[in-house]
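Shown next: target04.json, containing JSON, C-alpha atoms.
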[["chain", "number", "residue", "atom", "x", "y", "z"],
["A", 1, "MET", "CA", 8.14, 13.39, -3.86],
["A", 2, "GLY", "CA", 6.13, 10.33, -3.12],
["A", 3, "MET", "CA", 3.58, 9.92, -0.36],
["A", 4, "PRO", "CA", 4.76, 8.65, 3.02],
["A", 5, "LEU", "CA", 2.60, 5.87, 4.40],
["A", 6, "GLU", "CA", 2.83, 3.52, 7.35],
["A", 7, "LEU", "CA", 1.58, -0.02, 7.00],
["A", 8, "ASN", "CA", -0.17, -1.01, 10.22],
["A", 9, "THR", "CA", -1.27, -4.53, 11.07],
["A", 10, "MET", "CA", -2.89, -3.85, 14.43],
["A", 11, "ILE", "CA", -4.72, -1.05, 16.24],
["A", 12, "VAL", "CA", -2.71, 0.60, 19.00],
["A", 13, "THR", "CA", -5.08, 2.90, 20.85],
["A", 14, "LYS", "CA", -2.82, 4.53, 23.45],
["A", 15, "GLY", "CA", -6.12, 5.12, 25.24],
["A", 16, "ARG", "CA", -7.17, 7.76, 22.71],
["A", 17, "GLU", "CA", -10.08, 5.90, 21.14],
["A", 18, "LYS", "CA", -13.53, 7.50, 21.32],
["A", 19, "ARG", "CA", -16.60, 5.39, 21.78],
["A", 20, "LEU", "CA", -19.15, 6.10, 19.05],
["A", 21, "ASP", "CA", -21.69, 3.48, 19.94],
["A", 22, "GLU", "CA", -21.80, 0.29, 21.96],
["A", 23, "ASN", "CA", -18.94, -1.55, 20.26],
["A", 24, "TYR", "CA", -17.84, 1.09, 17.77],
["A", 25, "PHE", "CA", -14.86, 3.34, 18.28],
["A", 26, "SER", "CA", -12.99, 5.98, 16.34],
["A", 27, "LEU", "CA", -9.30, 6.74, 16.60],
["A", 28, "VAL", "CA", -7.19, 9.51, 15.07],
["A", 29, "LYS", "CA", -3.57, 8.83, 14.09],
["A", 30, "GLU", "CA", -0.91, 11.14, 12.74],
["A", 31, "GLY", "CA", 0.20, 10.59, 9.16],
["A", 32, "TYR", "CA", -1.31, 8.41, 6.48],
["A", 33, "ARG", "CA", -1.62, 4.87, 7.72],
["A", 34, "LEU", "CA", -2.63, 1.85, 5.76],
["A", 35, "TYR", "CA", -4.79, -0.53, 7.80],
["A", 36, "PRO", "CA", -6.57, -3.67, 6.63],
["A", 37, "LEU", "CA", -10.35, -3.20, 6.55],
["A", 38, "ASP", "CA", -13.01, -5.83, 7.13],
["A", 39, "ILE", "CA", -10.67, -8.44, 8.64],
["A", 40, "PRO", "CA", -9.93, -9.10, 12.33],
["A", 41, "VAL", "CA", -6.93, -7.27, 13.75],
["A", 42, "GLU", "CA", -5.48, -7.09, 17.24],
["A", 43, "VAL", "CA", -6.40, -4.11, 19.40],
["A", 44, "LYS", "CA", -3.82, -3.09, 21.98],
["A", 45, "ARG", "CA", -3.45, -0.17, 24.33],
["A", 46, "THR", "CA", 0.32, -0.02, 23.81],
["A", 47, "ILE", "CA", 2.57, -1.61, 21.21],
["A", 48, "ASP", "CA", 4.29, -3.83, 23.71],
["A", 49, "GLY", "CA", 1.23, -4.33, 25.86],
["A", 50, "ASP", "CA", -0.91, -7.37, 26.12],
["A", 51, "LEU", "CA", -3.69, -7.97, 23.70],
["A", 52, "ASN", "CA", -6.82, -6.09, 24.71],
["A", 53, "GLY", "CA", -9.12, -7.49, 22.12],
["A", 54, "THR", "CA", -9.90, -7.97, 18.48],
["A", 55, "GLY", "CA", -11.38, -5.37, 16.19],
["A", 56, "ILE", "CA", -12.63, -5.02, 12.64],
["A", 57, "ILE", "CA", -11.92, -1.75, 10.90],
["A", 58, "LYS", "CA", -15.00, -0.54, 9.05],
["A", 59, "LYS", "CA", -13.85, 2.82, 7.77],
["A", 60, "VAL", "CA", -10.59, 4.65, 7.11],
["A", 61, "GLU", "CA", -10.28, 8.35, 6.26],
["A", 62, "TRP", "CA", -7.12, 10.09, 5.10],
["A", 63, "GLU", "CA", -6.99, 13.89, 5.14],
["A", 64, "ASN", "CA", -4.57, 16.65, 6.19],
["A", 65, "ASN", "CA", -1.87, 14.12, 7.00],
["A", 66, "GLN", "CA", -4.11, 12.37, 9.51],
["A", 67, "THR", "CA", -5.80, 8.99, 9.51],
["A", 68, "VAL", "CA", -9.15, 8.42, 11.18],
["A", 69, "ILE", "CA", -10.27, 4.83, 11.64],
["A", 70, "MET", "CA", -13.64, 3.56, 12.80],
["A", 71, "TYR", "CA", -13.58, 0.05, 14.18],
["A", 72, "GLN", "CA", -15.89, -2.44, 15.83],
["A", 73, "LEU", "CA", -14.56, -4.24, 18.89],
["A", 74, "VAL", "CA", -15.59, -7.86, 18.31],
["A", 75, "ALA", "CA", -13.79, -9.56, 21.19],
["A", 76, "LEU", "CA", -12.38, -8.42, 24.49],
["A", 77, "ASN", "CA", -9.57, -10.08, 26.36],
["A", 78, "SER", "CA", -11.00, -10.31, 29.88],
["A", 79, "THR", "CA", -7.67, -11.20, 31.45],
["A", 80, "ASN", "CA", -6.44, -7.66, 30.89],
["B", 1, "MET", "CA", -7.74, -13.62, 3.66],
["B", 2, "GLY", "CA", -5.98, -10.39, 3.08],
["B", 3, "MET", "CA", -7.50, -7.17, 1.87],
["B", 4, "PRO", "CA", -7.74, -6.54, -1.86],
["B", 5, "LEU", "CA", -6.49, -3.13, -2.90],
["B", 6, "GLU", "CA", -5.84, -1.41, -6.18],
["B", 7, "LEU", "CA", -2.92, 0.96, -6.49],
["B", 8, "ASN", "CA", -3.98, 3.91, -8.64],
["B", 9, "THR", "CA", -1.64, 6.55, -9.97],
["B", 10, "MET", "CA", -4.14, 8.77, -11.72],
["B", 11, "ILE", "CA", -7.79, 9.81, -11.41],
["B", 12, "VAL", "CA", -10.06, 8.34, -14.08],
["B", 13, "THR", "CA", -13.43, 10.02, -13.72],
["B", 14, "LYS", "CA", -15.55, 8.31, -16.38],
["B", 15, "GLY", "CA", -17.60, 11.47, -16.09],
["B", 16, "ARG", "CA", -18.90, 10.47, -12.66],
["B", 17, "GLU", "CA", -17.24, 13.18, -10.61],
["B", 18, "LYS", "CA", -19.44, 15.53, -8.62],
["B", 19, "ARG", "CA", -18.54, 19.16, -8.24],
["B", 20, "LEU", "CA", -18.43, 20.16, -4.57],
["B", 21, "ASP", "CA", -17.17, 23.67, -4.98],
["B", 22, "GLU", "CA", -15.43, 25.73, -7.63],
["B", 23, "ASN", "CA", -12.43, 23.46, -8.19],
["B", 24, "TYR", "CA", -13.26, 20.66, -5.79],
["B", 25, "PHE", "CA", -14.76, 17.37, -6.87],
["B", 26, "SER", "CA", -15.68, 14.06, -5.29],
["B", 27, "LEU", "CA", -15.62, 10.69, -6.99],
["B", 28, "VAL", "CA", -16.81, 7.27, -5.83],
["B", 29, "LYS", "CA", -14.95, 4.14, -6.95],
["B", 30, "GLU", "CA", -15.71, 0.49, -6.33],
["B", 31, "GLY", "CA", -13.32, -1.43, -4.10],
["B", 32, "TYR", "CA", -10.52, -0.14, -1.93],
["B", 33, "ARG", "CA", -8.14, 1.96, -3.96],
["B", 34, "LEU", "CA", -4.86, 3.40, -2.89],
["B", 35, "TYR", "CA", -4.28, 6.88, -4.32],
["B", 36, "PRO", "CA", -1.44, 9.28, -3.56],
["B", 37, "LEU", "CA", -2.63, 12.28, -1.56],
["B", 38, "ASP", "CA", -1.25, 15.81, -1.64],
["B", 39, "ILE", "CA", 0.78, 15.36, -4.83],
["B", 40, "PRO", "CA", -0.24, 16.21, -8.41],
["B", 41, "VAL", "CA", -1.81, 13.37, -10.39],
["B", 42, "GLU", "CA", -3.28, 13.21, -13.87],
["B", 43, "VAL", "CA", -7.05, 13.51, -14.22],
["B", 44, "LYS", "CA", -8.55, 11.75, -17.23],
["B", 45, "ARG", "CA", -12.07, 11.02, -18.35],
["B", 46, "THR", "CA", -11.12, 7.57, -19.64],
["B", 47, "ILE", "CA", -8.04, 5.43, -19.10],
["B", 48, "ASP", "CA", -6.94, 5.70, -22.69],
["B", 49, "GLY", "CA", -8.20, 9.22, -23.15],
["B", 50, "ASP", "CA", -6.22, 12.37, -23.38],
["B", 51, "LEU", "CA", -5.17, 14.17, -20.28],
["B", 52, "ASN", "CA", -7.96, 16.41, -19.00],
["B", 53, "GLY", "CA", -6.03, 18.08, -16.27],
["B", 54, "THR", "CA", -4.08, 17.76, -13.08],
["B", 55, "GLY", "CA", -5.55, 17.22, -9.65],
["B", 56, "ILE", "CA", -4.46, 16.97, -6.05],
["B", 57, "ILE", "CA", -6.29, 14.47, -3.90],
["B", 58, "LYS", "CA", -7.11, 16.00, -0.53],
["B", 59, "LYS", "CA", -9.14, 13.25, 1.09],
["B", 60, "VAL", "CA", -9.67, 9.52, 0.70],
["B", 61, "GLU", "CA", -12.36, 7.49, 2.47],
["B", 62, "TRP", "CA", -12.59, 3.70, 2.50],
["B", 63, "GLU", "CA", -15.81, 2.08, 3.67],
["B", 64, "ASN", "CA", -18.11, -0.77, 2.57],
["B", 65, "ASN", "CA", -15.76, -1.79, -0.20],
["B", 66, "GLN", "CA", -15.94, 1.65, -1.77],
["B", 67, "THR", "CA", -13.43, 4.45, -2.09],
["B", 68, "VAL", "CA", -14.47, 8.09, -2.09],
["B", 69, "ILE", "CA", -11.87, 10.65, -3.11],
["B", 70, "MET", "CA", -12.08, 14.41, -2.88],
["B", 71, "TYR", "CA", -9.73, 16.26, -5.20],
["B", 72, "GLN", "CA", -8.90, 19.76, -6.29],
["B", 73, "LEU", "CA", -8.50, 20.36, -9.99],
["B", 74, "VAL", "CA", -5.37, 22.51, -10.23],
["B", 75, "ALA", "CA", -4.87, 22.60, -13.99],
["B", 76, "LEU", "CA", -7.08, 22.04, -16.99],
["B", 77, "ASN", "CA", -5.93, 20.91, -20.39],
["B", 78, "SER", "CA", -7.67, 23.42, -22.64],
["B", 79, "THR", "CA", -6.98, 21.46, -25.80],
["B", 80, "ASN", "CA", -9.49, 18.82, -24.72],
["C", 1, "MET", "CA", 5.48, 0.01, 15.17],
["C", 2, "GLY", "CA", 4.20, -0.28, 11.67],
["C", 3, "MET", "CA", 6.24, -0.34, 8.51],
["C", 4, "PRO", "CA", 7.14, 2.95, 6.84],
["C", 5, "LEU", "CA", 6.47, 2.99, 3.12],
["C", 6, "GLU", "CA", 6.53, 5.59, 0.41],
["C", 7, "LEU", "CA", 4.00, 5.47, -2.38],
["C", 8, "ASN", "CA", 5.72, 6.42, -5.63],
["C", 9, "THR", "CA", 3.92, 7.11, -8.88],
["C", 10, "MET", "CA", 6.91, 7.76, -11.10],
["C", 11, "ILE", "CA", 10.56, 6.74, -11.40],
["C", 12, "VAL", "CA", 13.04, 9.47, -10.48],
["C", 13, "THR", "CA", 16.47, 8.20, -11.42],
["C", 14, "LYS", "CA", 18.79, 11.01, -10.26],
["C", 15, "GLY", "CA", 21.13, 9.50, -12.82],
["C", 16, "ARG", "CA", 21.72, 6.43, -10.65],
["C", 17, "GLU", "CA", 20.08, 3.84, -12.86],
["C", 18, "LYS", "CA", 22.20, 0.97, -14.15],
["C", 19, "ARG", "CA", 21.68, -0.44, -17.58],
["C", 20, "LEU", "CA", 21.11, -4.19, -17.46],
["C", 21, "ASP", "CA", 20.34, -4.77, -21.07],
["C", 22, "GLU", "CA", 19.27, -2.75, -24.07],
["C", 23, "ASN", "CA", 16.16, -1.16, -22.57],
["C", 24, "TYR", "CA", 16.28, -2.61, -19.09],
["C", 25, "PHE", "CA", 17.54, -0.72, -16.06],
["C", 26, "SER", "CA", 17.83, -1.28, -12.35],
["C", 27, "LEU", "CA", 17.65, 1.40, -9.68],
["C", 28, "VAL", "CA", 18.25, 1.25, -5.94],
["C", 29, "LYS", "CA", 16.24, 3.51, -3.61],
["C", 30, "GLU", "CA", 16.47, 4.00, 0.12],
["C", 31, "GLY", "CA", 13.55, 2.79, 2.21],
["C", 32, "TYR", "CA", 10.61, 0.65, 1.22],
["C", 33, "ARG", "CA", 8.84, 2.17, -1.75],
["C", 34, "LEU", "CA", 5.62, 1.07, -3.29],
["C", 35, "TYR", "CA", 5.66, 1.38, -7.09],
["C", 36, "PRO", "CA", 3.04, 0.23, -9.57],
["C", 37, "LEU", "CA", 4.24, -2.76, -11.61],
["C", 38, "ASP", "CA", 3.31, -3.63, -15.17],
["C", 39, "ILE", "CA", 1.76, -0.26, -16.03],
["C", 40, "PRO", "CA", 3.41, 2.73, -17.73],
["C", 41, "VAL", "CA", 4.93, 5.32, -15.41],
["C", 42, "GLU", "CA", 6.90, 8.48, -16.06],
["C", 43, "VAL", "CA", 10.68, 8.29, -15.85],
["C", 44, "LYS", "CA", 12.44, 11.50, -14.85],
["C", 45, "ARG", "CA", 15.97, 12.40, -13.95],
["C", 46, "THR", "CA", 14.85, 14.80, -11.23],
["C", 47, "ILE", "CA", 11.50, 15.33, -9.56],
["C", 48, "ASP", "CA", 11.03, 18.75, -11.03],
["C", 49, "GLY", "CA", 12.75, 17.93, -14.29],
["C", 50, "ASP", "CA", 11.20, 17.37, -17.64],
["C", 51, "LEU", "CA", 9.88, 14.00, -18.58],
["C", 52, "ASN", "CA", 12.68, 11.75, -19.86],
["C", 53, "GLY", "CA", 10.56, 8.88, -20.93],
["C", 54, "THR", "CA", 8.10, 6.21, -19.98],
["C", 55, "GLY", "CA", 8.94, 2.98, -18.21],
["C", 56, "ILE", "CA", 7.27, -0.21, -17.08],
["C", 57, "ILE", "CA", 8.44, -1.66, -13.79],
["C", 58, "LYS", "CA", 8.90, -5.41, -14.10],
["C", 59, "LYS", "CA", 10.31, -6.29, -10.71],
["C", 60, "VAL", "CA", 10.46, -4.78, -7.22],
["C", 61, "GLU", "CA", 12.59, -6.11, -4.36],
["C", 62, "TRP", "CA", 12.39, -4.97, -0.74],
["C", 63, "GLU", "CA", 15.18, -5.93, 1.65],
["C", 64, "ASN", "CA", 17.29, -4.24, 4.36],
["C", 65, "ASN", "CA", 15.28, -1.05, 4.11],
["C", 66, "GLN", "CA", 16.11, -0.69, 0.42],
["C", 67, "THR", "CA", 14.02, -0.97, -2.71],
["C", 68, "VAL", "CA", 15.46, -2.26, -5.97],
["C", 69, "ILE", "CA", 13.36, -1.81, -9.10],
["C", 70, "MET", "CA", 13.96, -3.25, -12.52],
["C", 71, "TYR", "CA", 12.23, -1.38, -15.33],
["C", 72, "GLN", "CA", 11.97, -1.38, -19.07],
["C", 73, "LEU", "CA", 12.24, 1.97, -20.80],
["C", 74, "VAL", "CA", 9.46, 1.88, -23.39],
["C", 75, "ALA", "CA", 9.57, 5.44, -24.67],
["C", 76, "LEU", "CA", 12.14, 8.20, -24.70],
["C", 77, "ASN", "CA", 11.42, 11.88, -24.83],
["C", 78, "SER", "CA", 13.73, 13.01, -27.63],
["C", 79, "THR", "CA", 13.41, 16.68, -26.73],
["C", 80, "ASN", "CA", 15.46, 16.04, -23.58],
["D", 1, "MET", "CA", -5.89, 0.37, -15.00],
["D", 2, "GLY", "CA", -4.32, 0.36, -11.62],
["D", 3, "MET", "CA", -2.31, -2.39, -10.01],
["D", 4, "PRO", "CA", -4.14, -5.04, -7.99],
["D", 5, "LEU", "CA", -2.58, -5.70, -4.62],
["D", 6, "GLU", "CA", -3.53, -7.69, -1.57],
["D", 7, "LEU", "CA", -2.67, -6.39, 1.86],
["D", 8, "ASN", "CA", -1.58, -9.33, 4.03],
["D", 9, "THR", "CA", -1.04, -9.14, 7.77],
["D", 10, "MET", "CA", 0.12, -12.70, 8.39],
["D", 11, "ILE", "CA", 1.95, -15.49, 6.58],
["D", 12, "VAL", "CA", -0.27, -18.39, 5.54],
["D", 13, "THR", "CA", 2.02, -21.13, 4.29],
["D", 14, "LYS", "CA", -0.41, -23.84, 3.16],
["D", 15, "GLY", "CA", 2.61, -26.08, 3.67],
["D", 16, "ARG", "CA", 4.33, -24.64, 0.58],
["D", 17, "GLU", "CA", 7.24, -22.93, 2.34],
["D", 18, "LYS", "CA", 10.74, -24.00, 1.42],
["D", 19, "ARG", "CA", 13.45, -24.10, 4.03],
["D", 20, "LEU", "CA", 16.46, -22.06, 2.97],
["D", 21, "ASP", "CA", 18.50, -22.38, 6.10],
["D", 22, "GLU", "CA", 17.93, -23.27, 9.73],
["D", 23, "ASN", "CA", 15.18, -20.75, 10.50],
["D", 24, "TYR", "CA", 14.81, -19.12, 7.10],
["D", 25, "PHE", "CA", 12.06, -19.97, 4.66],
["D", 26, "SER", "CA", 10.84, -18.76, 1.30],
["D", 27, "LEU", "CA", 7.26, -18.82, 0.08],
["D", 28, "VAL", "CA", 5.77, -18.03, -3.32],
["D", 29, "LYS", "CA", 2.30, -16.47, -3.53],
["D", 30, "GLU", "CA", 0.17, -15.63, -6.55],
["D", 31, "GLY", "CA", -0.44, -11.97, -7.28],
["D", 32, "TYR", "CA", 1.22, -8.92, -5.78],
["D", 33, "ARG", "CA", 0.92, -9.00, -2.02],
["D", 34, "LEU", "CA", 1.87, -6.32, 0.40],
["D", 35, "TYR", "CA", 3.40, -7.73, 3.59],
["D", 36, "PRO", "CA", 4.97, -5.83, 6.48],
["D", 37, "LEU", "CA", 8.74, -6.33, 6.62],
["D", 38, "ASP", "CA", 10.96, -6.34, 9.68],
["D", 39, "ILE", "CA", 8.14, -6.67, 12.22],
["D", 40, "PRO", "CA", 6.75, -9.86, 13.82],
["D", 41, "VAL", "CA", 3.79, -11.43, 12.05],
["D", 42, "GLU", "CA", 1.84, -14.60, 12.68],
["D", 43, "VAL", "CA", 2.74, -17.69, 10.67],
["D", 44, "LYS", "CA", -0.08, -20.14, 10.07],
["D", 45, "ARG", "CA", -0.49, -23.24, 7.96],
["D", 46, "THR", "CA", -4.08, -22.36, 7.05],
["D", 47, "ILE", "CA", -6.05, -19.16, 7.41],
["D", 48, "ASP", "CA", -8.40, -20.61, 9.98],
["D", 49, "GLY", "CA", -5.79, -22.82, 11.58],
["D", 50, "ASP", "CA", -4.09, -22.34, 14.88],
["D", 51, "LEU", "CA", -1.03, -20.21, 15.16],
["D", 52, "ASN", "CA", 2.10, -22.11, 14.16],
["D", 53, "GLY", "CA", 4.60, -19.49, 15.08],
["D", 54, "THR", "CA", 5.88, -15.99, 14.58],
["D", 55, "GLY", "CA", 7.99, -14.83, 11.69],
["D", 56, "ILE", "CA", 9.81, -11.75, 10.50],
["D", 57, "ILE", "CA", 9.76, -11.07, 6.78],
["D", 58, "LYS", "CA", 13.22, -10.06, 5.59],
["D", 59, "LYS", "CA", 12.69, -9.80, 1.85],
["D", 60, "VAL", "CA", 9.80, -9.38, -0.59],
["D", 61, "GLU", "CA", 10.07, -9.72, -4.37],
["D", 62, "TRP", "CA", 7.34, -8.82, -6.84],
["D", 63, "GLU", "CA", 7.64, -10.04, -10.43],
["D", 64, "ASN", "CA", 5.41, -11.63, -13.09],
["D", 65, "ASN", "CA", 2.34, -11.27, -10.91],
["D", 66, "GLN", "CA", 3.95, -13.33, -8.15],
["D", 67, "THR", "CA", 5.21, -12.45, -4.72],
["D", 68, "VAL", "CA", 8.16, -14.24, -3.14],
["D", 69, "ILE", "CA", 8.78, -13.66, 0.56],
["D", 70, "MET", "CA", 11.75, -14.73, 2.63],
["D", 71, "TYR", "CA", 11.09, -14.92, 6.34],
["D", 72, "GLN", "CA", 12.79, -15.94, 9.53],
["D", 73, "LEU", "CA", 10.80, -18.09, 11.93],
["D", 74, "VAL", "CA", 11.49, -16.53, 15.33],
["D", 75, "ALA", "CA", 9.08, -18.48, 17.51],
["D", 76, "LEU", "CA", 7.30, -21.80, 17.19],
["D", 77, "ASN", "CA", 4.07, -22.71, 18.88],
["D", 78, "SER", "CA", 4.90, -26.10, 20.37],
["D", 79, "THR", "CA", 1.29, -26.89, 21.17],
["D", 80, "ASN", "CA", 0.60, -27.34, 17.46]]
File written out as structure tokens:
Amino acid sequence: MGMPLELNTMIVTKGREKRLDENYFSLVKEGYRLYPLDIPVEVKRTIDGDLNGTGIIKKVEWENNQTVIMYQLVALNSTN
Amino acid sequence: MGMPLELNTMIVTKGREKRLDENYFSLVKEGYRLYPLDIPVEVKRTIDGDLNGTGIIKKVEWENNQTVIMYQLVALNSTN
Amino acid sequence: MGMPLELNTMIVTKGREKRLDENYFSLVKEGYRLYPLDIPVEVKRTIDGDLNGTGIIKKVEWENNQTVIMYQLVALNSTN
Amino acid sequence: MGMPLELNTMIVTKGREKRLDENYFSLVKEGYRLYPLDIPVEVKRTIDGDLNGTGIIKKVEWENNQTVIMYQLVALNSTN
């Protein structure tokens, strides 16, 4: 028993984010993932990729073994 | 910094649950609370109260420093 | 990336606990497991088994993809 | 009830780290704090300070409402 979780410290989009509004995006991830809300985290396209920007996660939903996060992109790394 | 969390191992309703459907209820809690999903947990009206039943949490939402859980009541303790 | 965790709400010993002192036991589990400290949790020999007792986890150590818990057995279920 | 936790995504030393061995340090923090193990995290002297380096947490101990982490400093930011 027990509930499998994955502790995540950054957002890795793999290009699957959906724009909700100007700077707001949603992203669906498999499994239940624990993300920090309301504090700045790195946003990357791939785990080993360069930093793309900085985001703040505003909402996390867990259901049916999926995690949906809604985040605000607060800074973009223009050199990427 | 860091994100405050509270690890919860049971559902304490304080009578504030809302019935969504026959055996489905939602409950709003202050702060970000980590509950186990998809496994049976005790449902009580008060922390020190008797067991009211057993529930399975199907959905957890974190937003604006609040936690909303949606759970299915799978067993009721008739002696309460 | 991310760190796999398992949220545990009870202690399942599988008979592998080691007695440290009169009512104190240690137990090693594979993987990183998140247990609630300082609050009563069920202690069982097997997941589906009857309740053996109630314990309070006093210490949790994570290292090398193992979890070591130290708990105090505060109540025993004499019917087992 | 419930167990208060704080999810931490970086190590903030406040200069209180103790060197254990060449690149290994221990740090005591108040409360139970959830840190990611075995993956690189930022090490800073203050929350708002510049990056001091990168560390990998090898061990976490929770006891008596304190968290002790042991980490390896794997990169130092020489510009600090």
Any chance you could lay chain B over chain C, fitting all C-alpha atoms in order by least squares, and write the moved chain as an mmCIF file with C-alpha atoms, in the coordinates of the input?
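So the final result, stored in selection-v6.cif, reads:
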data_model
loop_
_atom_site.group_PDB
_atom_site.id
_atom_site.type_symbol
_atom_site.label_atom_id
_atom_site.label_comp_id
_atom_site.auth_asym_id
_atom_site.auth_seq_id
_atom_site.Cartn_x
_atom_site.Cartn_y
_atom_site.Cartn_z
ATOM 1 C CA MET B 1 5.466 -0.008 15.136
ATOM 2 C CA GLY B 2 4.200 -0.287 11.645
ATOM 3 C CA MET B 3 6.249 -0.344 8.492
ATOM 4 C CA PRO B 4 7.143 2.940 6.823
ATOM 5 C CA LEU B 5 6.471 2.978 3.106
ATOM 6 C CA GLU B 6 6.545 5.594 0.406
ATOM 7 C CA LEU B 7 4.001 5.466 -2.378
ATOM 8 C CA ASN B 8 5.716 6.432 -5.630
ATOM 9 C CA THR B 9 3.931 7.112 -8.880
ATOM 10 C CA MET B 10 6.913 7.769 -11.099
ATOM 11 C CA ILE B 11 10.563 6.731 -11.410
ATOM 12 C CA VAL B 12 13.042 9.453 -10.466
ATOM 13 C CA THR B 13 16.483 8.196 -11.409
ATOM 14 C CA LYS B 14 18.785 11.002 -10.259
ATOM 15 C CA GLY B 15 21.112 9.491 -12.824
ATOM 16 C CA ARG B 16 21.733 6.432 -10.655
ATOM 17 C CA GLU B 17 20.092 3.831 -12.855
ATOM 18 C CA LYS B 18 22.205 0.960 -14.127
ATOM 19 C CA ARG B 19 21.677 -0.448 -17.572
ATOM 20 C CA LEU B 20 21.106 -4.207 -17.435
ATOM 21 C CA ASP B 21 20.336 -4.793 -21.060
ATOM 22 C CA GLU B 22 19.281 -2.754 -24.064
ATOM 23 C CA ASN B 23 16.167 -1.164 -22.567
ATOM 24 C CA TYR B 24 16.284 -2.628 -19.084
ATOM 25 C CA PHE B 25 17.549 -0.738 -16.073
ATOM 26 C CA SER B 26 17.825 -1.279 -12.341
ATOM 27 C CA LEU B 27 17.649 1.399 -9.686
ATOM 28 C CA VAL B 28 18.243 1.257 -5.933
ATOM 29 C CA LYS B 29 16.237 3.517 -3.614
ATOM 30 C CA GLU B 30 16.468 4.006 0.127
ATOM 31 C CA GLY B 31 13.553 2.789 2.223
ATOM 32 C CA TYR B 32 10.613 0.656 1.216
ATOM 33 C CA ARG B 33 8.837 2.171 -1.742
ATOM 34 C CA LEU B 34 5.616 1.081 -3.294
ATOM 35 C CA TYR B 35 5.670 1.388 -7.088
ATOM 36 C CA PRO B 36 3.039 0.234 -9.568
ATOM 37 C CA LEU B 37 4.234 -2.737 -11.608
ATOM 38 C CA ASP B 38 3.296 -3.626 -15.172
ATOM 39 C CA ILE B 39 1.755 -0.249 -16.020
ATOM 40 C CA PRO B 40 3.416 2.735 -17.728
ATOM 41 C CA VAL B 41 4.943 5.322 -15.399
ATOM 42 C CA GLU B 42 6.914 8.481 -16.055
ATOM 43 C CA VAL B 43 10.702 8.286 -15.848
ATOM 44 C CA LYS B 44 12.446 11.507 -14.854
ATOM 45 C CA ARG B 45 15.991 12.392 -13.947
ATOM 46 C CA THR B 46 14.868 14.810 -11.234
ATOM 47 C CA ILE B 47 11.517 15.333 -9.543
ATOM 48 C CA ASP B 48 11.034 18.752 -11.042
ATOM 49 C CA GLY B 49 12.745 17.923 -14.295
ATOM 50 C CA ASP B 50 11.198 17.365 -17.640
ATOM 51 C CA LEU B 51 9.886 13.995 -18.575
ATOM 52 C CA ASN B 52 12.678 11.761 -19.862
ATOM 53 C CA GLY B 53 10.546 8.880 -20.923
ATOM 54 C CA THR B 54 8.095 6.201 -19.976
ATOM 55 C CA GLY B 55 8.935 2.976 -18.213
ATOM 56 C CA ILE B 56 7.271 -0.209 -17.074
ATOM 57 C CA ILE B 57 8.443 -1.647 -13.791
ATOM 58 C CA LYS B 58 8.892 -5.399 -14.096
ATOM 59 C CA LYS B 59 10.314 -6.282 -10.704
ATOM 60 C CA VAL B 60 10.469 -4.791 -7.226
ATOM 61 C CA GLU B 61 12.597 -6.119 -4.363
ATOM 62 C CA TRP B 62 12.385 -4.970 -0.750
ATOM 63 C CA GLU B 63 15.174 -5.923 1.631
ATOM 64 C CA ASN B 64 17.278 -4.245 4.348
ATOM 65 C CA ASN B 65 15.292 -1.046 4.111
ATOM 66 C CA GLN B 66 16.109 -0.681 0.432
ATOM 67 C CA THR B 67 14.017 -0.983 -2.694
ATOM 68 C CA VAL B 68 15.453 -2.257 -5.957
ATOM 69 C CA ILE B 69 13.355 -1.814 -9.081
ATOM 70 C CA MET B 70 13.955 -3.248 -12.518
ATOM 71 C CA TYR B 71 12.226 -1.384 -15.322
ATOM 72 C CA GLN B 72 11.983 -1.375 -19.073
ATOM 73 C CA LEU B 73 12.241 1.963 -20.805
ATOM 74 C CA VAL B 74 9.454 1.863 -23.394
ATOM 75 C CA ALA B 75 9.566 5.431 -24.680
ATOM 76 C CA LEU B 76 12.142 8.181 -24.700
ATOM 77 C CA ASN B 77 11.419 11.871 -24.832
ATOM 78 C CA SER B 78 13.767 12.994 -27.593
ATOM 79 C CA THR B 79 13.363 16.670 -26.800
ATOM 80 C CA ASN B 80 15.354 16.205 -23.597
#
**Request:** With a distance cut-off of 8 Å and only C-alpha atoms, select the neighbouring residues of Thr67 of chain B, excluding the residue or stretch itself and same-chain residues fewer than 3 positions from it, and output the selection as a VMD selection string.
**Result:** chain B and resid 28 to 33 60 to 63
Using only C-alpha atoms, select each residue of chain B with any atom at most 12 Å away from an atom of chain C, and give the selection as a CSV table (one decimal) with C-alpha atoms, keeping the file's coordinate frame.
chain,number,residue,atom,x,y,z
B,6,GLU,CA,-5.8,-1.4,-6.2
B,7,LEU,CA,-2.9,1.0,-6.5
B,8,ASN,CA,-4.0,3.9,-8.6
B,9,THR,CA,-1.6,6.6,-10.0
B,10,MET,CA,-4.1,8.8,-11.7
B,34,LEU,CA,-4.9,3.4,-2.9
B,35,TYR,CA,-4.3,6.9,-4.3
B,36,PRO,CA,-1.4,9.3,-3.6
B,37,LEU,CA,-2.6,12.3,-1.6
B,38,ASP,CA,-1.2,15.8,-1.6
B,39,ILE,CA,0.8,15.4,-4.8
B,40,PRO,CA,-0.2,16.2,-8.4
B,41,VAL,CA,-1.8,13.4,-10.4
B,42,GLU,CA,-3.3,13.2,-13.9
B,47,ILE,CA,-8.0,5.4,-19.1
B,48,ASP,CA,-6.9,5.7,-22.7
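Using all atoms listed in the file, the protein and nucleic acid residues lying no more than 12 Å from Glu22 of chain A, apart from those fewer than 5 places from it along its own chain, are A:Tyr71, A:Gln72, A:Leu73, A:Val74.
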**Request:** Would you mind reading off the distance between atom CA of Leu27 of chain C and atom CA of Ile11 of chain D, one decimal, in Å?
**Result:** 28.2 Å
